[in-house]
Amino acid sequence: MGLLSATKLHKNRNKFRWNDKRYKKKKLGLFAKSDPLEGKSQAKGLVTAKVQKEARQPNSAMRKCCRVQLIKNNKIVTAFIPGNLAQKFVDEHDEVIIERIGGRMNRSKGDIPGVRFQVIKVNDQPLRLLWKGKIEKGRR
């Protein structure tokens, strides 16, 4: 390390940064390209089917989920339906708004494998108010 080696060190640092997986993914925008929501936080879609996912060990519950086809790019994702008996309010061909659950590094959260999104609205009505009984489900 000489007196005038700062430029060389700086150039090397910039060059070898591309070996870092996170840096490369961020700079090339690979997350937004492979992301079904295309970088947005919420998206609208149509429910194609209601499914149940088995929770990871040590839990043994069946988590209520639904398959949602996004309107903007026709990609199909699985979304979690939060709330006790909230799956009663989500029917096939309903229009729902989904958002990210917010697990670590955009992965699935908790004990639900492969589910990264959750339903927040059904036919433009908040799902939380529906299952609390404050409003009734509107017709489409």
# chains A, B, ... in the order shown; residues from 1 in each chain; ligands from 1
$ closest_atom_pairs --of "range 101-123 of chain A" --to "range 62-83 of chain A" --cutoff "9 Å" --atoms "only C-alpha atoms" --output "CSV"
residue,atom,partner,partner_atom,distance
A:Ile101,CA,A:Phe80,CA,8.5
A:Ile112,CA,A:Arg63,CA,7.2
A:Gly114,CA,A:Thr78,CA,7.9
A:Val115,CA,A:Thr78,CA,5.8
A:Arg116,CA,A:Ala79,CA,6.8
A:Phe117,CA,A:Ala79,CA,4.7
A:Gln118,CA,A:Phe80,CA,4.4
A:Val119,CA,A:Ile81,CA,5.5
A:Ile120,CA,A:Ile81,CA,8.1
$ select_by_dssp --residues "chain A" --states "strand (DSSP E)" --output "ChimeraX atom specification"
/A:42-54,62-70,76-80,95-100,117-122,125-126
$ write_last_selection --atoms "C-alpha atoms" --output "PDB file, in the first residue's frame"
ATOM      1  CA  GLN A  42     -50.205  -3.758  -4.211  1.00  0.00           C
ATOM      2  CA  ALA A  43     -52.005  -5.256  -7.215  1.00  0.00           C
ATOM      3  CA  LYS A  44     -55.518  -6.125  -8.326  1.00  0.00           C
ATOM      4  CA  GLY A  45     -56.494  -9.590  -9.494  1.00  0.00           C
ATOM      5  CA  LEU A  46     -59.228 -12.178  -9.917  1.00  0.00           C
ATOM      6  CA  VAL A  47     -59.582 -15.227  -7.660  1.00  0.00           C
ATOM      7  CA  THR A  48     -59.279 -18.427  -9.701  1.00  0.00           C
ATOM      8  CA  ALA A  49     -59.393 -20.995  -6.865  1.00  0.00           C
ATOM      9  CA  LYS A  50     -59.382 -21.342  -3.100  1.00  0.00           C
ATOM     10  CA  VAL A  51     -56.635 -23.600  -1.739  1.00  0.00           C
ATOM     11  CA  GLN A  52     -55.266 -24.699   1.623  1.00  0.00           C
ATOM     12  CA  LYS A  53     -51.559 -24.765   2.420  1.00  0.00           C
ATOM     13  CA  GLU A  54     -50.145 -26.955   5.143  1.00  0.00           C
ATOM     14  CA  MET A  62     -54.173 -25.705   7.191  1.00  0.00           C
ATOM     15  CA  ARG A  63     -53.693 -22.073   6.160  1.00  0.00           C
ATOM     16  CA  LYS A  64     -56.457 -20.681   3.943  1.00  0.00           C
ATOM     17  CA  CYS A  65     -55.145 -19.209   0.694  1.00  0.00           C
ATOM     18  CA  CYS A  66     -56.387 -18.421  -2.802  1.00  0.00           C
ATOM     19  CA  ARG A  67     -54.894 -18.418  -6.282  1.00  0.00           C
ATOM     20  CA  VAL A  68     -55.079 -14.942  -7.808  1.00  0.00           C
ATOM     21  CA  GLN A  69     -54.581 -14.048 -11.469  1.00  0.00           C
ATOM     22  CA  LEU A  70     -53.206 -10.510 -11.669  1.00  0.00           C
ATOM     23  CA  ILE A  76     -50.898 -16.294 -11.116  1.00  0.00           C
ATOM     24  CA  VAL A  77     -49.813 -16.005  -7.465  1.00  0.00           C
ATOM     25  CA  THR A  78     -50.941 -17.550  -4.186  1.00  0.00           C
ATOM     26  CA  ALA A  79     -52.262 -15.116  -1.575  1.00  0.00           C
ATOM     27  CA  PHE A  80     -52.984 -15.733   2.096  1.00  0.00           C
ATOM     28  CA  GLU A  95     -61.886  -9.057  -7.608  1.00  0.00           C
ATOM     29  CA  VAL A  96     -59.294  -8.758  -4.844  1.00  0.00           C
ATOM     30  CA  ILE A  97     -56.426  -6.451  -3.999  1.00  0.00           C
ATOM     31  CA  ILE A  98     -53.295  -8.164  -2.702  1.00  0.00           C
ATOM     32  CA  GLU A  99     -50.182  -6.800  -1.007  1.00  0.00           C
ATOM     33  CA  ARG A 100     -46.849  -8.187   0.121  1.00  0.00           C
ATOM     34  CA  PHE A 117     -48.886 -12.036  -0.620  1.00  0.00           C
ATOM     35  CA  GLN A 118     -52.080 -11.492   1.368  1.00  0.00           C
ATOM     36  CA  VAL A 119     -55.595 -10.351   0.472  1.00  0.00           C
ATOM     37  CA  ILE A 120     -56.612  -6.952   1.844  1.00  0.00           C
ATOM     38  CA  LYS A 121     -59.752  -6.071  -0.151  1.00  0.00           C
ATOM     39  CA  VAL A 122     -62.564  -8.090  -1.740  1.00  0.00           C
ATOM     40  CA  GLN A 125     -64.350  -3.640   0.529  1.00  0.00           C
ATOM     41  CA  PRO A 126     -61.761  -4.212   3.272  1.00  0.00           C
TER      42      PRO A 126
END
$ atom_distance --atom1 "CA of Gly29 in chain A" --atom2 "CA of Met105 in chain A"
14.9 Å
$ atom_distance --atom1 "CA of Arg56 in chain A" --atom2 "CA of Gly102 in chain A"
17.7 Å
$ residues_around --residues "Lys27 in chain A" --least-positions-apart "6" --cutoff "12 Å" --atoms "only C-alpha atoms" --output "list in words"
Arg17, Trp18, Asp20, Lys21 and Lys33 of chain A
$ closest_residue --among "A:Asp94, A:Asn14, A:Ile135, A:Asn106" --to "Leu37 in chain A" --atoms "only C-alpha atoms"
A:Asn106
$ atom_distance --atom1 "CA of Arg104 in chain A" --atom2 "CA of Pro58 in chain A"
19.7 Å
$ closest_residue --among "A:Ala55, A:Met1, A:Ala6, A:Asn123" --to "Ser108 in chain A" --atoms "only C-alpha atoms"
A:Ala55
$ closest_residue --among "A:Thr7, A:Asn84, A:Glu38, A:Leu30" --to "Arg128 in chain A" --atoms "only C-alpha atoms"
A:Asn84
$ select_by_dssp --residues "chain A" --states "alpha helix (DSSP H)" --output "MDAnalysis selection string"
chainID A and resid 6:16 21:28 30:34 127:132
$ write_last_selection --atoms "C-alpha atoms" --output "PDB file, in the first residue's frame"
ATOM      1  CA  ALA A   6      -6.126   5.092  -3.225  1.00  0.00           C
ATOM      2  CA  THR A   7      -7.227   5.282  -6.876  1.00  0.00           C
ATOM      3  CA  LYS A   8      -6.213   1.692  -7.516  1.00  0.00           C
ATOM      4  CA  LEU A   9      -8.014   0.483  -4.373  1.00  0.00           C
ATOM      5  CA  HIS A  10     -11.127   2.458  -5.306  1.00  0.00           C
ATOM      6  CA  LYS A  11     -11.194   0.996  -8.838  1.00  0.00           C
ATOM      7  CA  ASN A  12     -10.751  -2.553  -7.537  1.00  0.00           C
ATOM      8  CA  ARG A  13     -13.546  -2.083  -4.995  1.00  0.00           C
ATOM      9  CA  ASN A  14     -15.936  -0.962  -7.769  1.00  0.00           C
ATOM     10  CA  LYS A  15     -14.856  -3.796 -10.053  1.00  0.00           C
ATOM     11  CA  PHE A  16     -15.197  -6.613  -7.532  1.00  0.00           C
ATOM     12  CA  LYS A  21     -25.038 -11.257  -5.384  1.00  0.00           C
ATOM     13  CA  ARG A  22     -27.153  -8.586  -3.672  1.00  0.00           C
ATOM     14  CA  TYR A  23     -25.336  -5.699  -5.382  1.00  0.00           C
ATOM     15  CA  LYS A  24     -25.713  -7.302  -8.817  1.00  0.00           C
ATOM     16  CA  LYS A  25     -29.425  -8.003  -8.310  1.00  0.00           C
ATOM     17  CA  LYS A  26     -30.031  -4.423  -7.198  1.00  0.00           C
ATOM     18  CA  LYS A  27     -28.069  -2.730 -10.004  1.00  0.00           C
ATOM     19  CA  LEU A  28     -29.438  -4.865 -12.838  1.00  0.00           C
ATOM     20  CA  LEU A  30     -33.454  -8.356 -11.481  1.00  0.00           C
ATOM     21  CA  PHE A  31     -35.923  -8.266  -8.581  1.00  0.00           C
ATOM     22  CA  ALA A  32     -38.365  -5.965 -10.373  1.00  0.00           C
ATOM     23  CA  LYS A  33     -38.130  -8.070 -13.544  1.00  0.00           C
ATOM     24  CA  SER A  34     -38.981 -11.351 -11.839  1.00  0.00           C
ATOM     25  CA  LEU A 127     -61.552  -7.891   4.230  1.00  0.00           C
ATOM     26  CA  ARG A 128     -60.854  -7.013   7.869  1.00  0.00           C
ATOM     27  CA  LEU A 129     -64.173  -5.139   8.216  1.00  0.00           C
ATOM     28  CA  LEU A 130     -66.016  -7.970   6.459  1.00  0.00           C
ATOM     29  CA  TRP A 131     -64.919 -10.682   8.873  1.00  0.00           C
ATOM     30  CA  LYS A 132     -65.389  -8.400  11.879  1.00  0.00           C
TER      31      LYS A 132
END
